[in-house]
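Structure file model_33.tsv; described as TSV, C-alpha atoms.
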chain	number	residue	atom	x	y	z
O	1	MET	CA	190.05	105.15	116.19
O	2	ILE	CA	189.70	101.82	117.93
O	3	PRO	CA	192.73	99.51	117.69
O	4	LEU	CA	192.09	96.74	115.20
O	5	TYR	CA	192.76	93.96	117.69
O	6	LYS	CA	189.93	95.33	119.83
O	7	LEU	CA	187.70	95.70	116.79
O	8	GLU	CA	188.25	92.04	115.87
O	9	LYS	CA	187.20	90.90	119.37
O	10	LEU	CA	183.78	92.56	119.18
O	11	PRO	CA	180.67	90.50	118.34
O	12	ARG	CA	180.15	90.54	114.57
O	13	THR	CA	177.14	92.85	114.47
O	14	GLN	CA	178.76	95.29	116.85
O	15	ARG	CA	182.04	95.09	114.93
O	16	LEU	CA	180.36	95.91	111.63
O	17	ARG	CA	178.43	98.85	113.08
O	18	LYS	CA	181.58	100.18	114.73
O	19	THR	CA	183.43	99.88	111.43
O	20	VAL	CA	180.70	101.89	109.70
O	21	LYS	CA	181.28	104.70	112.22
O	22	ILE	CA	185.04	104.56	111.66
O	23	ILE	CA	184.68	104.76	107.89
O	24	THR	CA	182.08	107.52	108.19
O	25	GLU	CA	184.55	109.64	110.15
O	26	GLY	CA	187.09	109.13	107.40
O	27	GLU	CA	184.59	110.28	104.80
O	28	LYS	CA	183.83	113.38	106.86
O	29	ILE	CA	187.50	114.31	106.89
O	30	LEU	CA	187.67	113.87	103.12
O	31	ALA	CA	184.48	115.90	102.60
O	32	GLY	CA	186.08	118.68	104.59
O	33	SER	CA	189.13	118.53	102.36
O	34	PHE	CA	186.96	119.12	99.28
O	35	ALA	CA	185.37	122.12	101.02
O	36	SER	CA	188.84	123.51	101.64
O	37	GLY	CA	189.90	122.97	98.04
O	38	LEU	CA	192.46	120.28	98.87
O	39	ALA	CA	193.19	117.76	96.15
O	40	GLY	CA	194.99	115.22	98.32
O	41	GLY	CA	197.32	114.67	101.22
O	42	VAL	CA	194.48	114.56	103.77
O	43	PHE	CA	195.46	111.22	105.28
O	44	ASP	CA	198.97	110.30	106.30
O	45	ALA	CA	200.31	106.82	105.56
O	46	GLU	CA	199.46	105.57	109.04
O	47	LYS	CA	195.76	106.34	108.65
O	48	LEU	CA	195.65	104.82	105.18
O	49	ILE	CA	197.26	101.65	106.49
O	50	TYR	CA	194.67	101.57	109.26
O	51	PHE	CA	191.84	101.68	106.74
O	52	ALA	CA	193.61	99.12	104.55
O	53	ASP	CA	193.95	96.76	107.53
O	54	THR	CA	190.31	97.34	108.37
O	55	ALA	CA	189.35	96.32	104.84
O	56	GLN	CA	191.49	93.23	105.20
O	57	VAL	CA	189.73	92.27	108.44
O	58	LEU	CA	186.42	92.59	106.62
O	59	GLU	CA	187.70	90.52	103.70
O	60	GLU	CA	188.50	87.67	106.10
O	61	ASP	CA	184.95	87.61	107.48
O	62	THR	CA	183.64	84.33	106.07
O	63	GLN	CA	179.99	85.40	106.42
O	64	PHE	CA	180.35	87.90	103.59
O	65	SER	CA	179.54	86.79	100.06
O	66	ALA	CA	182.44	86.12	97.69
O	67	THR	CA	181.61	89.29	95.76
O	68	THR	CA	181.64	91.44	98.89
O	69	ALA	CA	184.84	89.85	100.18
O	70	LYS	CA	186.49	90.54	96.83
O	71	ALA	CA	185.42	94.20	97.03
O	72	PHE	CA	187.00	94.54	100.48
O	73	LYS	CA	190.19	92.89	99.15
O	74	GLU	CA	190.35	95.41	96.33
O	75	ALA	CA	189.73	98.27	98.76
O	76	ALA	CA	192.56	97.08	100.97
O	77	ALA	CA	194.92	96.94	97.98
O	78	ILE	CA	193.99	100.47	96.83
O	79	LEU	CA	194.44	101.98	100.29
O	80	ARG	CA	197.70	100.15	100.94
O	81	LEU	CA	199.13	101.24	97.60
O	82	ALA	CA	198.18	104.85	98.35
O	83	ALA	CA	199.89	104.61	101.75
O	84	GLU	CA	203.07	102.96	100.53
O	85	THR	CA	203.65	104.83	97.28
O	86	GLY	CA	201.66	108.04	97.54
O	87	ILE	CA	199.79	107.03	94.39
O	88	GLY	CA	196.20	108.06	94.79
O	89	ASN	CA	194.15	111.13	95.53
O	90	THR	CA	191.40	112.30	97.81
O	91	ALA	CA	188.61	111.42	95.39
O	92	MET	CA	189.86	107.87	94.88
O	93	ILE	CA	190.26	107.27	98.61
O	94	GLN	CA	186.84	108.74	99.33
O	95	ARG	CA	185.19	106.48	96.75
O	96	THR	CA	186.94	103.45	98.22
O	97	LEU	CA	185.75	104.26	101.75
O	98	ASN	CA	182.27	105.02	100.45
O	99	THR	CA	182.07	101.60	98.80
O	100	MET	CA	183.18	99.92	102.03
O	101	ARG	CA	180.56	101.79	104.06
O	102	HIS	CA	177.70	100.88	101.74
O	103	LEU	CA	178.70	97.22	101.68
O	104	LEU	CA	178.62	97.21	105.47
O	105	LEU	CA	175.28	99.00	105.61
O	106	ALA	CA	173.80	96.41	103.25
O	107	GLU	CA	175.16	93.60	105.46
O	108	THR	CA	173.70	95.09	108.64
O	109	GLY	CA	170.34	95.73	107.02
O	110	ARG	CA	170.59	99.47	107.30
O	111	SER	CA	169.77	101.65	104.31
O	112	PRO	CA	171.23	105.16	104.18
O	113	ALA	CA	168.93	108.03	103.34
O	114	ASP	CA	169.91	110.92	101.12
O	115	TRP	CA	170.61	113.16	104.13
O	116	ASP	CA	173.40	110.79	105.20
O	117	PHE	CA	175.56	111.83	102.25
O	118	TYR	CA	178.25	114.42	102.73
O	119	ASP	CA	178.42	117.69	100.87
O	120	ALA	CA	181.21	119.91	102.21
O	121	GLU	CA	180.01	118.99	105.72
O	122	GLY	CA	176.80	120.86	105.06
O	123	ARG	CA	178.55	124.24	105.05
O	124	LEU	CA	178.38	126.24	101.84
O	125	ASP	CA	180.24	129.42	100.96
O	126	PRO	CA	177.83	132.18	99.83
O	127	ALA	CA	180.71	133.89	98.03
O	128	ARG	CA	180.82	131.00	95.54
O	129	ARG	CA	177.26	131.68	94.36
O	130	ARG	CA	176.71	132.91	90.79
O	131	PRO	CA	172.98	133.65	90.62
O	132	PHE	CA	171.21	134.85	87.51
O	133	PRO	CA	169.84	138.35	88.21
O	134	GLY	CA	166.06	138.26	88.25
O	135	MET	CA	165.73	134.45	88.35
O	136	THR	CA	163.22	133.98	91.16
O	137	VAL	CA	160.95	131.13	92.20
O	138	TYR	CA	157.80	130.82	94.25
O	139	LEU	CA	156.93	127.63	96.13
O	140	GLU	CA	153.20	127.57	96.71
O	141	ASP	CA	151.92	125.35	99.52
O	142	ILE	CA	154.67	122.73	99.27
O	143	ARG	CA	153.78	120.69	102.35
O	144	SER	CA	156.62	118.17	102.55
O	145	PRO	CA	159.78	119.35	104.33
O	146	PHE	CA	161.77	116.95	102.14
O	147	ASN	CA	160.41	118.59	98.99
O	148	VAL	CA	161.00	122.10	100.30
O	149	GLY	CA	164.61	121.25	101.10
O	150	ALA	CA	165.18	119.54	97.76
O	151	MET	CA	163.71	122.53	95.93
O	152	PHE	CA	165.98	124.91	97.86
O	153	ARG	CA	168.90	122.78	96.75
O	154	ALA	CA	167.81	122.76	93.09
O	155	ALA	CA	167.06	126.49	93.10
O	156	GLU	CA	170.46	127.34	94.58
O	157	SER	CA	172.33	124.91	92.32
O	158	PHE	CA	170.82	126.33	89.13
O	159	GLY	CA	171.34	129.97	89.96
O	160	ALA	CA	168.13	131.31	91.47
O	161	GLU	CA	168.62	134.80	92.87
O	162	LYS	CA	165.86	134.45	95.45
O	163	LEU	CA	163.21	132.00	96.58
O	164	PHE	CA	159.77	132.88	97.93
O	165	LEU	CA	157.55	130.65	100.04
O	166	SER	CA	153.80	130.85	100.42
O	167	PRO	CA	152.49	131.08	103.99
O	168	PHE	CA	151.55	127.38	104.02
O	169	CYS	CA	154.83	125.92	102.78
O	170	ALA	CA	156.73	123.65	105.15
O	171	ASP	CA	159.36	125.34	107.29
O	172	PRO	CA	162.77	125.40	105.52
O	173	HIS	CA	164.36	125.03	108.96
O	174	HIS	CA	162.50	121.82	109.69
O	175	PRO	CA	165.20	119.17	110.28
O	176	ARG	CA	164.04	117.14	107.28
O	177	ALA	CA	164.08	120.20	105.03
O	178	GLU	CA	167.57	121.18	106.15
O	179	ARG	CA	168.82	117.65	105.56
O	180	SER	CA	167.61	117.55	101.97
O	181	ALA	CA	168.67	121.17	101.33
O	182	MET	CA	172.26	120.32	102.35
O	183	GLY	CA	173.09	123.85	103.51
O	184	CYS	CA	171.26	125.76	100.75
O	185	VAL	CA	168.70	127.27	103.13
O	186	ASP	CA	171.54	129.29	104.64
O	187	VAL	CA	172.95	130.70	101.40
O	188	LEU	CA	169.93	131.22	99.13
O	189	PRO	CA	167.99	134.40	100.05
O	190	TRP	CA	164.35	133.62	100.78
O	191	GLU	CA	161.26	134.99	102.42
O	192	ARG	CA	157.64	134.09	103.02
O	193	ARG	CA	155.27	136.11	100.93
O	194	GLU	CA	151.74	135.82	99.60
O	195	PHE	CA	151.79	136.87	95.97
O	196	PHE	CA	148.37	135.83	94.79
O	197	ASN	CA	144.92	136.80	96.00
O	198	ASP	CA	141.57	135.76	94.63
O	199	PRO	CA	141.43	137.51	91.22
O	200	LEU	CA	137.98	138.83	92.16
O	201	ASP	CA	139.41	141.23	94.75
O	202	GLY	CA	141.47	143.01	92.09
O	203	GLU	CA	144.70	143.06	94.10
O	204	ASN	CA	147.95	142.06	92.40
O	205	ARG	CA	150.76	141.44	94.84
O	206	LEU	CA	153.38	140.64	92.23
O	207	PRO	CA	156.17	143.13	91.53
O	208	SER	CA	155.11	145.44	88.73
O	209	GLY	CA	155.94	144.03	85.31
O	210	CYS	CA	157.33	140.73	86.62
O	211	PRO	CA	156.92	137.95	84.01
O	212	VAL	CA	155.33	134.88	85.58
O	213	PHE	CA	155.13	131.25	84.47
O	214	ALA	CA	153.94	128.10	86.18
O	215	LEU	CA	155.17	124.53	86.27
O	216	GLU	CA	151.94	122.73	85.53
O	217	THR	CA	150.21	120.26	83.21
O	218	TYR	CA	148.60	121.17	79.89
O	219	GLY	CA	151.19	123.81	79.08
O	220	THR	CA	153.97	124.33	76.58
O	221	PRO	CA	156.32	121.33	76.41
O	222	LEU	CA	159.64	122.01	78.12
O	223	ALA	CA	161.67	121.84	74.89
O	224	ASP	CA	159.45	124.47	73.24
O	225	PHE	CA	159.06	126.88	76.15
O	226	SER	CA	160.68	130.33	75.86
O	227	PHE	CA	162.25	131.07	79.23
O	228	PRO	CA	162.54	134.73	80.25
O	229	ARG	CA	165.78	136.48	81.13
O	230	GLN	CA	164.09	137.51	84.37
O	231	GLY	CA	160.91	136.19	85.87
O	232	LEU	CA	159.11	134.20	88.54
O	233	LEU	CA	158.62	130.43	88.28
O	234	ILE	CA	155.71	129.05	90.33
O	235	ALA	CA	155.68	125.46	91.57
O	236	GLY	CA	152.53	124.36	93.36
O	237	SER	CA	151.18	121.92	95.90
O	238	GLU	CA	152.10	118.23	95.65
O	239	GLU	CA	148.40	117.27	95.67
O	240	LEU	CA	146.57	120.12	93.96
O	241	GLY	CA	149.20	121.81	91.81
O	242	VAL	CA	149.35	125.56	91.28
O	243	SER	CA	146.36	127.48	92.68
O	244	PRO	CA	143.75	128.99	90.32
O	245	ALA	CA	144.78	132.51	91.36
O	246	ALA	CA	148.44	131.85	90.58
O	247	LEU	CA	147.57	130.10	87.33
O	248	ALA	CA	145.51	133.09	86.27
O	249	GLN	CA	148.58	135.31	86.75
O	250	ALA	CA	150.80	132.88	84.84
O	251	ASP	CA	148.33	132.40	81.98
O	252	ALA	CA	148.08	136.18	81.62
O	253	SER	CA	151.87	136.42	81.45
O	254	LEU	CA	154.20	133.71	80.10
O	255	GLY	CA	151.93	130.72	80.54
O	256	ARG	CA	152.71	127.21	81.72
O	257	VAL	CA	155.68	124.94	81.15
O	258	THR	CA	155.04	121.19	81.09
O	259	ILE	CA	157.44	118.26	81.27
O	260	PRO	CA	156.31	115.49	78.89
O	261	CYS	CA	156.26	112.06	80.57
O	262	TYR	CA	156.21	108.73	78.72
O	263	GLY	CA	155.76	106.16	81.48
O	264	ALA	CA	152.70	104.52	83.01
O	265	LYS	CA	152.80	106.93	85.95
O	266	GLY	CA	152.74	110.02	83.80
O	267	SER	CA	153.87	112.42	86.52
O	268	LEU	CA	156.90	113.37	88.60
O	269	ASN	CA	157.58	114.31	92.19
O	270	VAL	CA	157.30	118.09	92.45
O	271	SER	CA	160.91	118.56	93.54
O	272	VAL	CA	162.17	116.41	90.66
O	273	ALA	CA	160.05	118.30	88.13
O	274	PHE	CA	161.17	121.61	89.61
O	275	GLY	CA	164.84	120.64	89.26
O	276	ILE	CA	164.34	119.69	85.61
O	277	VAL	CA	162.74	123.05	84.80
O	278	MET	CA	165.35	125.03	86.74
O	279	GLN	CA	168.15	123.35	84.81
O	280	ALA	CA	166.40	124.11	81.52
O	281	TRP	CA	165.92	127.76	82.53
O	282	ALA	CA	169.58	128.11	83.51
O	283	ALA	CA	170.71	126.46	80.27
O	284	SER	CA	168.59	128.85	78.21
O	285	LEU	CA	170.14	131.84	79.97
O	286	ILE	CA	173.65	130.56	79.36
O	287	ASN	CA	172.91	129.71	75.73
O	288	ASN	CA	171.52	133.21	75.20
O	289	GLY	CA	174.62	134.88	76.60
O	290	THR	CA	173.52	135.55	80.17
O	291	ASP	CA	176.03	134.49	82.81

Could you quickly redo this structure as structure tokens?
Amino acid sequence: MIPLYKLEKLPRTQRLRKTVKIITEGEKILAGSFASGLAGGVFDAEKLIYFADTAQVLEEDTQFSATTAKAFKEAAAILRLAAETGIGNTAMIQRTLNTMRHLLLAETGRSPADWDFYDAEGRLDPARRRPFPGMTVYLEDIRSPFNVGAMFRAAESFGAEKLFLSPFCADPHHPRAERSAMGCVDVLPWERREFFNDPLDGENRLPSGCPVFALETYGTPLADFSFPRQGLLIAGSEELGVSPAALAQADASLGRVTIPCYGAKGSLNVSVAFGIVMQAWAASLINNGTD
């Protein structure tokens, strides 16, 4: 880490950007401590004092608003107390550094995207997974890498056993997909597969007896839908929704689940809607004694 006297001599814009990098490195260390199951003791007193002094330097920058300067003053006090007394924990220190970083990003005009956040340094332990047997999902022609990654993350978080992608879904290993998936592409089993043909050709590519339901409009409201113990949830294209062939399979099986909306827009991003339904499915399994 750069000595503070050198940091203070840098031009203001350069100093603020350099400070963002310093704080980011501290957050990475703390994120790694969570991944390792450590509750505290990640930083020694010297490092905490360094961050406290950094916050004090920022507090003394007269170009910050009074509110921002006060926040840096409070951060300095928290970090110094943790260094001098040992009072504090990893979570508290991480939140303090996170607040400092976002204040600096706002000052420099930079806005962090969701892939800038830390989640166990992007490395997940497959052994910690507790999937629900038979909970599977099918992403049909999801074109956006961001949506594919977000849906991987939701599927993994809510216990999907496996995820299937249609041939025209975005690549889960696209950099944007991996950023929004936050490591879930590597721990959630998945494969590309075409389940649905034109009903006129008479071929059914679904596993025999697999219950199927679709996330789509004009279906059973979410609160009234009866989720299966095992089954396949279909989520369709951002623009066109679930294909007619897939809908025919769903309508002949468990039907459609719909999320009621009450705003002027009347619809949700597909990855948001998918996450809502996955949570409801997982909750129904837990409430019915499946764990």

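Between CA of Phe227 in chain O and CA of Gly275 in chain O the interatomic distance comes to 14.7 Å.
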
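Minimum distance to Phe64 in chain O across O:Thr108, O:Ala160, O:Gly149, O:Gln279 (counting all atoms listed in the file) occurs at O:Thr108.
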
Do a neighbour search on range 8-18 of chain O at 10 Å with only C-alpha atoms, toss out local chain neighbours closer than 5 positions, and write the hits as an MDAnalysis selection string. chainID O and resid 1:3 23:24 54 57:58 61 63 101 104:105 107:108 110

Gly236 in chain O: which residues within 6 Å, counting only C-alpha atoms, same-chain residues fewer than 3 positions away excluded, as JSON, numbers by chain? {"O": [140, 241, 242]}

To one decimal place in Å, what is the distance between CA of Arg192 in chain O and CA of Ile142 in chain O?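 Between CA of Arg192 in chain O and CA of Ile142 in chain O the gap works out to 12.3 Å.
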
Hey, what's within 12 Å of Ser237 in chain O if we count only C-alpha atoms and toss same-chain stuff fewer than 2 positions away? As a PyMOL selection string, please? chain O and resi 138-144+147-148+165-166+168-170+214-216+234-235+239-244+246+269-271+274

Give me the residues near Gln230 in chain O as a short mmCIF file (atom, residue, chain, number, x, y, z; two decimals) with C-alpha atoms, in the frame of the given file, where near means some atom within 7 Å (using only C-alpha atoms) and where sequence neighbours in that chain fewer than 5 positions away do not count.
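Heads up, here's the output in part-v1.cif:
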data_model
loop_
_atom_site.label_atom_id
_atom_site.label_comp_id
_atom_site.auth_asym_id
_atom_site.auth_seq_id
_atom_site.Cartn_x
_atom_site.Cartn_y
_atom_site.Cartn_z
CA PRO O 133 169.84 138.35 88.21
CA GLY O 134 166.06 138.26 88.25
CA MET O 135 165.73 134.45 88.35
#

Separation of CA of Pro172 in chain O and CA of Leu188 in chain O, in Å?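 Distance reported for this atom pair: 11.2 Å.
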
Compile the contact shell of Trp190 in chain O as a CSV table (one decimal) with C-alpha atoms, in the coordinates of the input: residues with an atom at most 10 Å away, counting all atoms listed in the file, same-chain residues fewer than 6 positions apart removed.
chain,number,residue,atom,x,y,z
O,136,THR,CA,163.2,134.0,91.2
O,137,VAL,CA,161.0,131.1,92.2
O,138,TYR,CA,157.8,130.8,94.2
O,152,PHE,CA,166.0,124.9,97.9
O,161,GLU,CA,168.6,134.8,92.9
O,162,LYS,CA,165.9,134.4,95.4
O,163,LEU,CA,163.2,132.0,96.6
O,164,PHE,CA,159.8,132.9,97.9
O,165,LEU,CA,157.6,130.6,100.0
O,172,PRO,CA,162.8,125.4,105.5

Using all atoms listed in the file, pick whichever of O:Ser253, O:Gln94, O:Glu238, O:Arg129 has the shortest atom-to-atom distance to Pro145 in chain O.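 Going through O:Ser253, O:Gln94, O:Glu238, O:Arg129 one by one, the smallest distance to Pro145 in chain O is for O:Glu238.
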
Top pick for closest residue to Leu97 in chain O, considering O:Val20, O:Ala45, O:Pro131, O:Thr62 and counting only C-alpha atoms: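 Of O:Val20, O:Ala45, O:Pro131, O:Thr62, the one nearest Leu97 in chain O is O:Val20, counting only C-alpha atoms.
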
Option closest in space to Phe225 in chain O, from O:Leu254, O:Thr19, O:Ala71, O:Lys28 [counting only C-alpha atoms]: O:Leu254

Could you tell me which of O:Phe146, O:Ala55, O:Ala155, O:Pro260 comes closest to Arg130 in chain O if we count only C-alpha atoms?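 Of O:Phe146, O:Ala55, O:Ala155, O:Pro260, the one nearest Arg130 in chain O, counting only C-alpha atoms, is O:Ala155.
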
In terms of the shortest atom-to-atom distance over only C-alpha atoms, which of O:Lys70, O:Ala83, O:Arg256, O:Pro126 is closest to Leu103 in chain O?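 The answer is O:Lys70, which sits nearest to Leu103 in chain O.
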